[in-house]
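So this one's start_11.pdb, PDB, C-alpha atoms:
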```pdb
ATOM      1  CA  MET A   1     187.855 119.883  75.564
ATOM      2  CA  ASN A   2     188.122 118.543  79.120
ATOM      3  CA  SER A   3     185.883 115.764  80.348
ATOM      4  CA  GLY A   4     182.889 116.471  82.533
ATOM      5  CA  ILE A   5     179.144 116.380  83.030
ATOM      6  CA  LEU A   6     176.680 118.693  81.290
ATOM      7  CA  LEU A   7     173.212 119.445  82.643
ATOM      8  CA  VAL A   8     170.873 120.299  79.771
ATOM      9  CA  ASP A   9     167.256 121.485  79.874
ATOM     10  CA  LYS A  10     165.786 119.641  76.884
ATOM     11  CA  PRO A  11     163.165 121.523  74.888
ATOM     12  CA  PRO A  12     160.100 119.758  73.469
ATOM     13  CA  HIS A  13     160.004 118.043  70.065
ATOM     14  CA  LEU A  14     163.638 116.905  70.169
ATOM     15  CA  THR A  15     164.788 113.372  70.913
ATOM     16  CA  SER A  16     167.568 112.785  73.404
ATOM     17  CA  HIS A  17     169.678 111.645  70.447
ATOM     18  CA  ASP A  18     169.062 115.024  68.782
ATOM     19  CA  VAL A  19     170.429 116.748  71.891
ATOM     20  CA  VAL A  20     173.506 114.498  71.952
ATOM     21  CA  ALA A  21     174.150 115.205  68.263
ATOM     22  CA  ARG A  22     173.954 118.962  68.841
ATOM     23  CA  MET A  23     176.266 118.724  71.860
ATOM     24  CA  ARG A  24     178.805 116.792  69.801
ATOM     25  CA  ARG A  25     178.975 119.718  67.395
ATOM     26  CA  LEU A  26     179.142 122.333  70.157
ATOM     27  CA  ALA A  27     181.761 120.453  72.179
ATOM     28  CA  GLY A  28     183.813 119.351  69.184
ATOM     29  CA  THR A  29     183.903 115.711  70.262
ATOM     30  CA  ARG A  30     181.948 112.568  69.461
ATOM     31  CA  ARG A  31     182.523 111.189  72.957
ATOM     32  CA  ILE A  32     179.213 112.288  74.436
ATOM     33  CA  GLY A  33     176.570 110.077  76.007
ATOM     34  CA  HIS A  34     173.500 110.508  78.188
ATOM     35  CA  ALA A  35     172.249 109.056  81.470
ATOM     36  CA  GLY A  36     168.664 108.254  80.500
ATOM     37  CA  THR A  37     166.452 109.478  77.687
ATOM     38  CA  LEU A  38     163.397 111.714  77.536
ATOM     39  CA  ASP A  39     160.582 111.298  75.026
ATOM     40  CA  PRO A  40     160.366 113.993  72.312
ATOM     41  CA  MET A  41     157.231 115.494  73.937
ATOM     42  CA  ALA A  42     158.979 115.754  77.319
ATOM     43  CA  THR A  43     161.146 118.601  78.564
ATOM     44  CA  GLY A  44     163.620 118.950  81.378
ATOM     45  CA  LEU A  45     166.820 117.565  82.727
ATOM     46  CA  LEU A  46     169.194 115.493  80.647
ATOM     47  CA  ILE A  47     172.596 114.527  82.057
ATOM     48  CA  LEU A  48     175.314 114.249  79.423
ATOM     49  CA  GLY A  49     178.855 112.944  79.829
ATOM     50  CA  VAL A  50     181.682 114.435  77.783
ATOM     51  CA  ASN A  51     184.866 112.522  76.887
ATOM     52  CA  SER A  52     186.066 110.219  79.688
ATOM     53  CA  ALA A  53     183.231 111.379  81.958
ATOM     54  CA  THR A  54     180.953 109.158  79.863
ATOM     55  CA  ARG A  55     182.277 106.418  82.171
ATOM     56  CA  LEU A  56     180.414 108.105  85.023
ATOM     57  CA  LEU A  57     177.058 107.763  83.284
ATOM     58  CA  HIS A  58     176.693 104.129  84.324
ATOM     59  CA  PHE A  59     176.565 105.319  87.942
ATOM     60  CA  LEU A  60     174.006 108.058  87.187
ATOM     61  CA  VAL A  61     171.448 106.025  85.224
ATOM     62  CA  GLY A  62     169.979 104.371  88.313
ATOM     63  CA  LEU A  63     169.389 107.558  90.332
ATOM     64  CA  ASP A  64     165.868 108.432  91.460
ATOM     65  CA  LYS A  65     164.008 111.085  89.499
ATOM     66  CA  GLU A  66     161.388 113.809  89.934
ATOM     67  CA  TYR A  67     158.820 114.870  87.341
ATOM     68  CA  LEU A  68     156.045 117.405  86.942
ATOM     69  CA  ALA A  69     153.308 116.031  84.698
ATOM     70  CA  THR A  70     149.788 116.600  83.446
ATOM     71  CA  ILE A  71     147.460 113.619  83.122
ATOM     72  CA  ARG A  72     144.300 113.915  81.034
ATOM     73  CA  LEU A  73     141.421 111.775  82.266
ATOM     74  CA  GLY A  74     138.588 110.971  79.843
ATOM     75  CA  TRP A  75     140.133 108.525  77.413
ATOM     76  CA  ALA A  76     143.189 106.347  76.955
ATOM     77  CA  THR A  77     145.559 106.295  73.964
ATOM     78  CA  THR A  78     147.566 103.665  72.130
ATOM     79  CA  THR A  79     150.839 105.120  73.451
ATOM     80  CA  ASP A  80     149.637 106.252  76.908
ATOM     81  CA  ASP A  81     150.441 109.841  75.899
ATOM     82  CA  ALA A  82     149.020 112.576  73.693
ATOM     83  CA  GLU A  83     150.871 111.359  70.595
ATOM     84  CA  GLY A  84     148.851 108.131  70.377
ATOM     85  CA  GLU A  85     145.479 107.337  68.846
ATOM     86  CA  PRO A  86     142.487 107.847  71.191
ATOM     87  CA  LEU A  87     140.987 104.777  72.853
ATOM     88  CA  PRO A  88     137.467 105.570  74.138
ATOM     89  CA  VAL A  89     136.606 104.042  77.515
ATOM     90  CA  ASP A  90     133.096 102.750  78.206
ATOM     91  CA  GLY A  91     131.480 104.693  81.024
ATOM     92  CA  ALA A  92     134.153 107.405  81.027
ATOM     93  CA  ALA A  93     131.623 110.258  80.968
ATOM     94  CA  ALA A  94     129.762 108.927  84.007
ATOM     95  CA  ALA A  95     133.040 108.297  85.847
ATOM     96  CA  LEU A  96     134.183 111.855  85.108
ATOM     97  CA  ALA A  97     130.894 113.236  86.437
ATOM     98  CA  ARG A  98     131.511 111.454  89.753
ATOM     99  CA  LEU A  99     135.172 112.452  89.956
ATOM    100  CA  ASP A 100     136.323 114.729  92.765
ATOM    101  CA  ASP A 101     139.650 115.497  94.460
ATOM    102  CA  GLU A 102     139.067 112.830  97.099
ATOM    103  CA  ALA A 103     138.612 110.153  94.436
ATOM    104  CA  LEU A 104     141.709 111.451  92.670
ATOM    105  CA  ARG A 105     143.757 111.225  95.856
ATOM    106  CA  ARG A 106     142.570 107.666  96.478
ATOM    107  CA  GLY A 107     143.531 106.681  92.955
ATOM    108  CA  ILE A 108     146.922 108.341  93.292
ATOM    109  CA  SER A 109     147.492 106.717  96.692
ATOM    110  CA  SER A 110     146.956 103.266  95.157
ATOM    111  CA  LEU A 111     149.871 103.967  92.788
ATOM    112  CA  THR A 112     152.237 105.226  95.505
ATOM    113  CA  GLY A 113     154.927 103.171  97.224
ATOM    114  CA  VAL A 114     156.388  99.924  95.899
ATOM    115  CA  ILE A 115     154.117  98.860  93.044
ATOM    116  CA  ASP A 116     154.121  96.414  90.146
ATOM    117  CA  GLN A 117     154.045  98.411  86.922
ATOM    118  CA  VAL A 118     153.630  97.205  83.343
ATOM    119  CA  PRO A 119     155.719  99.531  81.138
ATOM    120  CA  SER A 120     154.055 101.234  78.193
ATOM    121  CA  SER A 121     154.142  99.091  75.065
ATOM    122  CA  VAL A 122     156.009 101.907  73.284
ATOM    123  CA  SER A 123     158.749 102.029  75.904
ATOM    124  CA  ALA A 124     162.433 101.309  75.312
ATOM    125  CA  VAL A 125     162.206  97.981  77.154
ATOM    126  CA  LYS A 126     163.837  95.231  75.114
ATOM    127  CA  VAL A 127     161.795  92.224  73.990
ATOM    128  CA  GLU A 128     163.982  89.421  72.657
ATOM    129  CA  GLY A 129     166.749  91.900  71.938
ATOM    130  CA  ARG A 130     164.646  94.591  70.236
ATOM    131  CA  ARG A 131     163.047  97.720  71.686
ATOM    132  CA  ALA A 132     159.337  97.364  72.396
ATOM    133  CA  TYR A 133     158.474 100.625  70.615
ATOM    134  CA  ARG A 134     160.125  99.380  67.410
ATOM    135  CA  ARG A 135     158.027  96.222  67.474
ATOM    136  CA  VAL A 136     154.855  98.231  68.052
ATOM    137  CA  ARG A 137     155.638 100.592  65.170
ATOM    138  CA  GLU A 138     156.050  97.550  62.912
ATOM    139  CA  GLY A 139     152.560  96.375  63.807
ATOM    140  CA  GLU A 140     153.379  93.781  66.449
ATOM    141  CA  THR A 141     151.328  93.358  69.603
ATOM    142  CA  VAL A 142     153.679  93.656  72.560
ATOM    143  CA  GLU A 143     152.849  92.525  76.068
ATOM    144  CA  LEU A 144     155.436  93.469  78.670
ATOM    145  CA  ALA A 145     155.878  91.880  82.065
ATOM    146  CA  ALA A 146     155.204  93.876  85.206
ATOM    147  CA  ARG A 147     158.211  95.064  87.178
ATOM    148  CA  SER A 148     158.590  96.366  90.691
ATOM    149  CA  VAL A 149     159.161 100.127  90.903
ATOM    150  CA  THR A 150     159.040 102.633  93.744
ATOM    151  CA  VAL A 151     156.900 105.759  93.561
ATOM    152  CA  SER A 152     158.044 107.612  96.663
ATOM    153  CA  ALA A 153     155.835 110.661  96.008
ATOM    154  CA  PHE A 154     152.767 111.099  93.784
ATOM    155  CA  ASP A 155     151.229 114.439  94.692
ATOM    156  CA  LEU A 156     148.088 116.061  93.331
ATOM    157  CA  ARG A 157     148.932 119.703  92.591
ATOM    158  CA  SER A 158     145.753 120.860  90.853
ATOM    159  CA  SER A 159     142.921 119.708  88.588
ATOM    160  CA  ARG A 160     140.627 121.436  86.103
ATOM    161  CA  ALA A 161     137.713 120.237  84.045
ATOM    162  CA  GLY A 162     137.323 120.651  80.298
ATOM    163  CA  GLU A 163     134.757 119.502  77.752
ATOM    164  CA  GLY A 164     134.748 115.734  78.267
ATOM    165  CA  PHE A 165     137.987 115.541  80.236
ATOM    166  CA  VAL A 166     139.734 116.483  83.469
ATOM    167  CA  ASP A 167     143.387 117.563  83.482
ATOM    168  CA  VAL A 168     145.352 116.645  86.592
ATOM    169  CA  ASP A 169     148.710 118.247  87.435
ATOM    170  CA  VAL A 170     150.946 116.012  89.541
ATOM    171  CA  ARG A 171     154.447 115.771  90.968
ATOM    172  CA  VAL A 172     156.125 112.357  90.911
ATOM    173  CA  GLU A 173     159.283 111.162  92.643
ATOM    174  CA  CYS A 174     160.205 107.654  91.572
ATOM    175  CA  SER A 175     162.888 105.068  91.134
ATOM    176  CA  SER A 176     164.743 104.647  87.876
ATOM    177  CA  GLY A 177     162.732 102.559  85.432
ATOM    178  CA  THR A 178     159.361 104.004  86.432
ATOM    179  CA  TYR A 179     157.173 105.146  83.529
ATOM    180  CA  VAL A 180     155.056 108.228  84.262
ATOM    181  CA  ARG A 181     153.032 107.425  81.130
ATOM    182  CA  ALA A 182     152.127 104.116  82.754
ATOM    183  CA  LEU A 183     151.083 105.937  85.945
ATOM    184  CA  ALA A 184     148.760 108.104  83.812
ATOM    185  CA  ARG A 185     147.334 105.008  82.111
ATOM    186  CA  ASP A 186     146.834 103.137  85.386
ATOM    187  CA  LEU A 187     145.326 106.123  87.195
ATOM    188  CA  GLY A 188     142.753 106.490  84.434
ATOM    189  CA  ALA A 189     142.042 102.770  84.409
ATOM    190  CA  GLY A 190     141.549 102.699  88.170
ATOM    191  CA  LEU A 191     139.139 105.660  88.050
ATOM    192  CA  GLY A 192     137.200 104.216  85.116
ATOM    193  CA  THR A 193     137.873 107.260  82.956
ATOM    194  CA  GLY A 194     140.868 106.203  80.939
ATOM    195  CA  GLY A 195     143.938 108.400  81.105
ATOM    196  CA  HIS A 196     147.034 109.478  79.233
ATOM    197  CA  LEU A 197     149.961 111.850  79.676
ATOM    198  CA  THR A 198     149.799 115.269  78.011
ATOM    199  CA  SER A 199     152.932 116.912  79.411
ATOM    200  CA  LEU A 200     156.044 115.771  81.233
ATOM    201  CA  ARG A 201     158.969 117.720  82.671
ATOM    202  CA  ARG A 202     161.874 116.058  84.466
ATOM    203  CA  THR A 203     163.000 118.362  87.250
ATOM    204  CA  ARG A 204     165.576 116.255  89.091
ATOM    205  CA  ILE A 205     167.902 113.276  88.675
ATOM    206  CA  GLY A 206     169.484 112.307  91.989
ATOM    207  CA  ALA A 207     171.155 115.437  93.375
ATOM    208  CA  PHE A 208     171.081 117.258  90.014
ATOM    209  CA  GLY A 209     168.254 119.756  89.433
ATOM    210  CA  VAL A 210     166.903 121.267  86.242
ATOM    211  CA  ASP A 211     167.398 124.724  87.788
ATOM    212  CA  GLU A 212     171.153 124.136  87.289
ATOM    213  CA  ALA A 213     170.740 123.148  83.648
ATOM    214  CA  SER A 214     171.270 125.287  80.551
ATOM    215  CA  GLY A 215     169.009 125.499  77.514
ATOM    216  CA  LEU A 216     170.383 124.487  74.145
ATOM    217  CA  ASP A 217     170.231 128.009  72.737
ATOM    218  CA  ASP A 218     172.373 129.593  75.456
ATOM    219  CA  LEU A 219     174.675 126.714  76.378
ATOM    220  CA  ASP A 220     178.348 127.562  76.865
ATOM    221  CA  VAL A 221     179.826 124.061  76.965
ATOM    222  CA  THR A 222     183.145 124.974  78.580
ATOM    223  CA  ALA A 223     181.582 127.198  81.252
ATOM    224  CA  SER A 224     178.804 124.691  81.979
ATOM    225  CA  LEU A 225     181.011 121.620  82.333
ATOM    226  CA  LEU A 226     180.809 120.032  85.790
ATOM    227  CA  SER A 227     184.037 118.223  86.622
ATOM    228  CA  PRO A 228     184.010 114.441  87.055
ATOM    229  CA  ALA A 229     185.131 114.897  90.677
ATOM    230  CA  ALA A 230     182.306 117.330  91.456
ATOM    231  CA  ALA A 231     179.751 115.030  89.819
ATOM    232  CA  ALA A 232     181.112 112.010  91.701
ATOM    233  CA  ARG A 233     180.930 113.831  95.044
ATOM    234  CA  ARG A 234     177.234 114.510  94.426
ATOM    235  CA  THR A 235     176.487 110.963  93.333
ATOM    236  CA  LEU A 236     178.698 108.514  95.224
ATOM    237  CA  PRO A 237     180.542 108.128  98.499
ATOM    238  CA  VAL A 238     184.118 109.311  98.001
ATOM    239  CA  VAL A 239     187.467 108.294  99.428
ATOM    240  CA  ASP A 240     190.442 110.651  99.455
ATOM    241  CA  VAL A 241     193.661 108.976  98.339
ATOM    242  CA  THR A 242     197.309 110.005  98.491
ATOM    243  CA  ALA A 243     199.321 110.979  95.438
ATOM    244  CA  GLN A 244     201.050 107.567  95.545
ATOM    245  CA  GLN A 245     197.730 105.755  95.766
ATOM    246  CA  ALA A 246     196.335 107.883  92.932
ATOM    247  CA  GLY A 247     199.267 106.825  90.782
ATOM    248  CA  ASP A 248     198.724 103.172  91.638
ATOM    249  CA  LEU A 249     195.021 103.368  90.833
ATOM    250  CA  SER A 250     195.723 105.111  87.525
ATOM    251  CA  HIS A 251     197.786 102.056  86.561
ATOM    252  CA  GLY A 252     195.025  99.675  87.563
ATOM    253  CA  LYS A 253     196.658  98.559  90.798
ATOM    254  CA  ARG A 254     194.750  97.863  93.978
ATOM    255  CA  ILE A 255     195.382  99.924  97.096
ATOM    256  CA  ASP A 256     194.747  99.281 100.766
ATOM    257  CA  ALA A 257     191.192 100.097 101.756
ATOM    258  CA  PRO A 258     190.926 102.758 104.465
ATOM    259  CA  GLU A 259     188.509 102.276 107.334
ATOM    260  CA  PRO A 260     185.652 102.714 107.212
ATOM    261  CA  THR A 261     184.581 102.307 103.587
ATOM    262  CA  VAL A 262     181.280 101.289 102.056
ATOM    263  CA  GLY A 263     180.796  98.170  99.988
ATOM    264  CA  GLY A 264     179.493  99.782  96.797
ATOM    265  CA  PRO A 265     181.108 102.072  94.207
ATOM    266  CA  MET A 266     183.127 105.030  95.504
ATOM    267  CA  GLY A 267     184.900 107.931  93.848
ATOM    268  CA  ALA A 268     188.641 107.991  94.539
ATOM    269  CA  ILE A 269     189.757 111.637  94.726
ATOM    270  CA  ALA A 270     193.425 112.645  94.414
ATOM    271  CA  PRO A 271     195.020 115.427  96.537
ATOM    272  CA  ASP A 272     194.690 117.828  93.582
ATOM    273  CA  GLY A 273     190.916 117.262  93.529
ATOM    274  CA  ARG A 274     190.931 115.055  90.457
ATOM    275  CA  LEU A 275     188.696 111.993  90.125
ATOM    276  CA  VAL A 276     191.179 109.151  89.641
ATOM    277  CA  ALA A 277     188.792 106.205  89.475
ATOM    278  CA  ILE A 278     185.570 104.643  90.585
ATOM    279  CA  VAL A 279     186.569 101.891  93.002
ATOM    280  CA  GLU A 280     184.930  99.090  94.962
ATOM    281  CA  ARG A 281     186.119  97.276  98.036
ATOM    282  CA  ARG A 282     187.514  93.785  97.525
ATOM    283  CA  GLY A 283     188.514  92.290 100.853
ATOM    284  CA  GLU A 284     191.058  94.657 102.366
ATOM    285  CA  THR A 285     191.738  96.481  99.106
ATOM    286  CA  LEU A 286     190.107  98.916  96.710
ATOM    287  CA  LYS A 287     189.806  97.751  93.097
ATOM    288  CA  VAL A 288     189.364 100.023  90.069
ATOM    289  CA  VAL A 289     185.958  99.716  88.403
ATOM    290  CA  ALA A 290     186.421 102.643  85.994
ATOM    291  CA  GLY A 291     189.515 104.776  85.550
ATOM    292  CA  PHE A 292     189.805 108.401  84.458
ATOM    293  CA  PRO A 293     192.852 109.730  82.542
ATOM    294  CA  ASP A 294     195.036 112.074  84.573
ATOM    295  CA  THR A 295     195.601 114.221  81.473
ATOM    296  CA  GLU A 296     192.146 115.743  81.929
ATOM    297  CA  ALA A 297     191.334 118.338  84.554
ATOM    298  CA  GLY A 298     189.251 117.072  87.407
ATOM    299  CA  ALA A 299     188.671 119.932  89.807
TER     300      ALA A 299
END
```

Would you mind writing the file's structure down as structure tokens?
Amino acid sequence: MNSGILLVDKPPHLTSHDVVARMRRLAGTRRIGHAGTLDPMATGLLILGVNSATRLLHFLVGLDKEYLATIRLGWATTTDDAEGEPLPVDGAAAALARLDDEALRRGISSLTGVIDQVPSSVSAVKVEGRRAYRRVREGETVELAARSVTVSAFDLRSSRAGEGFVDVDVRVECSSGTYVRALARDLGAGLGTGGHLTSLRRTRIGAFGVDEASGLDDLDVTASLLSPAAAARRTLPVVDVTAQQAGDLSHGKRIDAPEPTVGGPMGAIAPDGRLVAIVERRGETLKVVAGFPDTEAGA
């Protein structure tokens, strides 16, 4: 099995670890990792790395993301999503009765841009070396610090009223590390209704869209594998190197930096189209940050 990137459309009720385990069986290798998890209730795009392409995942984790979500206003929950215990909110019924699209848009606008967000207490954020959700499940009270995140788009798509609640469909574009569950919680808190997430679908990670992804039931691993070079070209600036330079980089040597080059990570592409390494500029040279074996196809 060559190395590469797999785009998978995760179904509901599976953890990201479940998907990785299934891919290990299908691909016949244990060297599979993912670039960011999805909750079991969530669906949509997972990016997996196979064999040496797992080294690319570090450069994919921080990409911006797009989600389609449904937020239920009317009460909060202990987990900020539909899997938690209900938390009634005083005055929620009166606040719902006053709610209209203009109020919704104002509430959404207040959560758009660069904001300070407190992650959900059942998030994967580490507290003194242990995941917050593990502490919560063991009965601990966890208070997480706010962090700066960027919500570049938070669009109201539609809303509909039910018996004692209003469901709001939204589209969110955000920086890595943003919790859509927390947006649901904070929108409900700001409107006085309480709120929690009832559905979540990740539709994009960086330049990779869920429309390119395969479902688990019809996934042909070999046919679906995106080469490390192709993935790098869609994620990072690239620099084309000569065959001699490719050989030097594959042995961990530095090469002269061409002009112009950027300061951050770049994909070094050999004449045969293979990704040789991820490199960074150091003075007048390019230094290997992560290398990729030349025994695996890259184009």

Using all atoms listed in the file, find the one residue out of A:Arg282, A:Lys253, A:Lys287, A:Arg181 that sits nearest to Tyr67 in chain A.
-> A:Arg181

What gap, in Å, lies between CA of Gly206 in chain A and CA of Leu46 in chain A?
->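 The value is 11.8 Å.
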
Kindly indicate which residue among A:Val221, A:Val89, A:Ala270, A:Leu286 lies nearest to Ala27 in chain A, using only C-alpha atoms for the distances.
-> A:Val221

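Considering all atoms listed in the file, the residue among A:Gly195, A:Gly62, A:Gly291, A:Gly247 positioned nearest to Val180 in chain A is A:Gly195.
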
Of the candidates A:Pro271, A:Gly264, A:Pro40, A:Gly177, which shows the shortest atom-to-atom distance to Arg147 in chain A, using only C-alpha atoms?
->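 Of the candidates, the smallest distance to Arg147 in chain A is held by A:Gly177.
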
Spatial sel., origin (170.1, 122.4, 84.8), limit 10 Å, all atoms listed in the file, listed as a tab-separated table (two decimals) with C-alpha atoms, in the coordinates of the input:
```
chain	number	residue	atom	x	y	z
A	6	LEU	CA	176.68	118.69	81.29
A	7	LEU	CA	173.21	119.44	82.64
A	8	VAL	CA	170.87	120.30	79.77
A	9	ASP	CA	167.26	121.48	79.87
A	10	LYS	CA	165.79	119.64	76.88
A	44	GLY	CA	163.62	118.95	81.38
A	45	LEU	CA	166.82	117.56	82.73
A	46	LEU	CA	169.19	115.49	80.65
A	47	ILE	CA	172.60	114.53	82.06
A	203	THR	CA	163.00	118.36	87.25
A	204	ARG	CA	165.58	116.26	89.09
A	208	PHE	CA	171.08	117.26	90.01
A	209	GLY	CA	168.25	119.76	89.43
A	210	VAL	CA	166.90	121.27	86.24
A	211	ASP	CA	167.40	124.72	87.79
A	212	GLU	CA	171.15	124.14	87.29
A	213	ALA	CA	170.74	123.15	83.65
A	214	SER	CA	171.27	125.29	80.55
A	215	GLY	CA	169.01	125.50	77.51
A	224	SER	CA	178.80	124.69	81.98
```

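The list of residues within 10 Å of (197.5, 107.4, 97.9), counted using only C-alpha atoms, is Asp240, Val241, Thr242, Ala243, Gln244, Gln245, Ala246, Gly247, Asp248, Leu249, Ile255, Asp256, Ala268, Ile269, Ala270 and Pro271 of chain A.
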
Skipping near chain neighbours, those fewer than 2 positions away, what residues fall within 12 Å of Glu163 in chain A using all atoms listed in the file, listed as a PyMOL selection string?
-> chain A and resi 72-74+93+96-97+160-161+165-167

Take the residues just selected and output them with C-alpha atoms as a compact mmCIF listing (two decimals), in the coordinates of the input.
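Printed below is result33.txt as written:
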```
# COMPACT_ATOMS: atom_id res chain seq x y z
CA ARG A 72 144.30 113.92 81.03
CA LEU A 73 141.42 111.78 82.27
CA GLY A 74 138.59 110.97 79.84
CA ALA A 93 131.62 110.26 80.97
CA LEU A 96 134.18 111.86 85.11
CA ALA A 97 130.89 113.24 86.44
CA ARG A 160 140.63 121.44 86.10
CA ALA A 161 137.71 120.24 84.04
CA PHE A 165 137.99 115.54 80.24
CA VAL A 166 139.73 116.48 83.47
CA ASP A 167 143.39 117.56 83.48
```

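In this comparison, which uses all atoms listed in the file, the residue of A:Asp64, A:Met266, A:Ser121, A:Ala53 approaching Pro237 in chain A most closely is A:Met266.
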
Would you work out the distance separating CA of Pro119 in chain A from CA of Glu173 in chain A, expressed in Å to one decimal?
-> 16.7 Å

Given the file above and the PyMOL selection byres ((chain A and resi 39) around 12), which residues are selected, and can you give them as a compact mmCIF listing (two decimals) with C-alpha atoms, in the frame of the given file?
```txt
# COMPACT_ATOMS: atom_id res chain seq x y z
CA LYS A 10 165.79 119.64 76.88
CA PRO A 11 163.16 121.52 74.89
CA PRO A 12 160.10 119.76 73.47
CA HIS A 13 160.00 118.04 70.06
CA LEU A 14 163.64 116.90 70.17
CA THR A 15 164.79 113.37 70.91
CA SER A 16 167.57 112.78 73.40
CA HIS A 17 169.68 111.64 70.45
CA ASP A 18 169.06 115.02 68.78
CA VAL A 19 170.43 116.75 71.89
CA GLY A 36 168.66 108.25 80.50
CA THR A 37 166.45 109.48 77.69
CA LEU A 38 163.40 111.71 77.54
CA PRO A 40 160.37 113.99 72.31
CA MET A 41 157.23 115.49 73.94
CA ALA A 42 158.98 115.75 77.32
CA THR A 43 161.15 118.60 78.56
CA GLY A 44 163.62 118.95 81.38
CA LEU A 45 166.82 117.56 82.73
CA LEU A 46 169.19 115.49 80.65
CA THR A 79 150.84 105.12 73.45
CA ASP A 81 150.44 109.84 75.90
CA ALA A 82 149.02 112.58 73.69
CA GLU A 83 150.87 111.36 70.60
CA VAL A 122 156.01 101.91 73.28
CA SER A 123 158.75 102.03 75.90
CA ALA A 124 162.43 101.31 75.31
CA TYR A 133 158.47 100.62 70.61
CA TYR A 179 157.17 105.15 83.53
CA VAL A 180 155.06 108.23 84.26
CA ARG A 181 153.03 107.42 81.13
CA LEU A 197 149.96 111.85 79.68
CA THR A 198 149.80 115.27 78.01
CA SER A 199 152.93 116.91 79.41
CA LEU A 200 156.04 115.77 81.23
CA ARG A 201 158.97 117.72 82.67
CA ARG A 202 161.87 116.06 84.47
```

Exactly which residues make up the result of the PyMOL selection byres ((chain A and resi 183) around 9) on this file, given as a PyMOL selection string?
-> chain A and resi 71+108+111+117+178-182+184-188+195-197

Kindly give the distance, in Å, that separates CA of Gly84 in chain A and CA of Gly107 in chain A, rounded to a single decimal.
->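 Those two atoms sit 23.2 Å apart.
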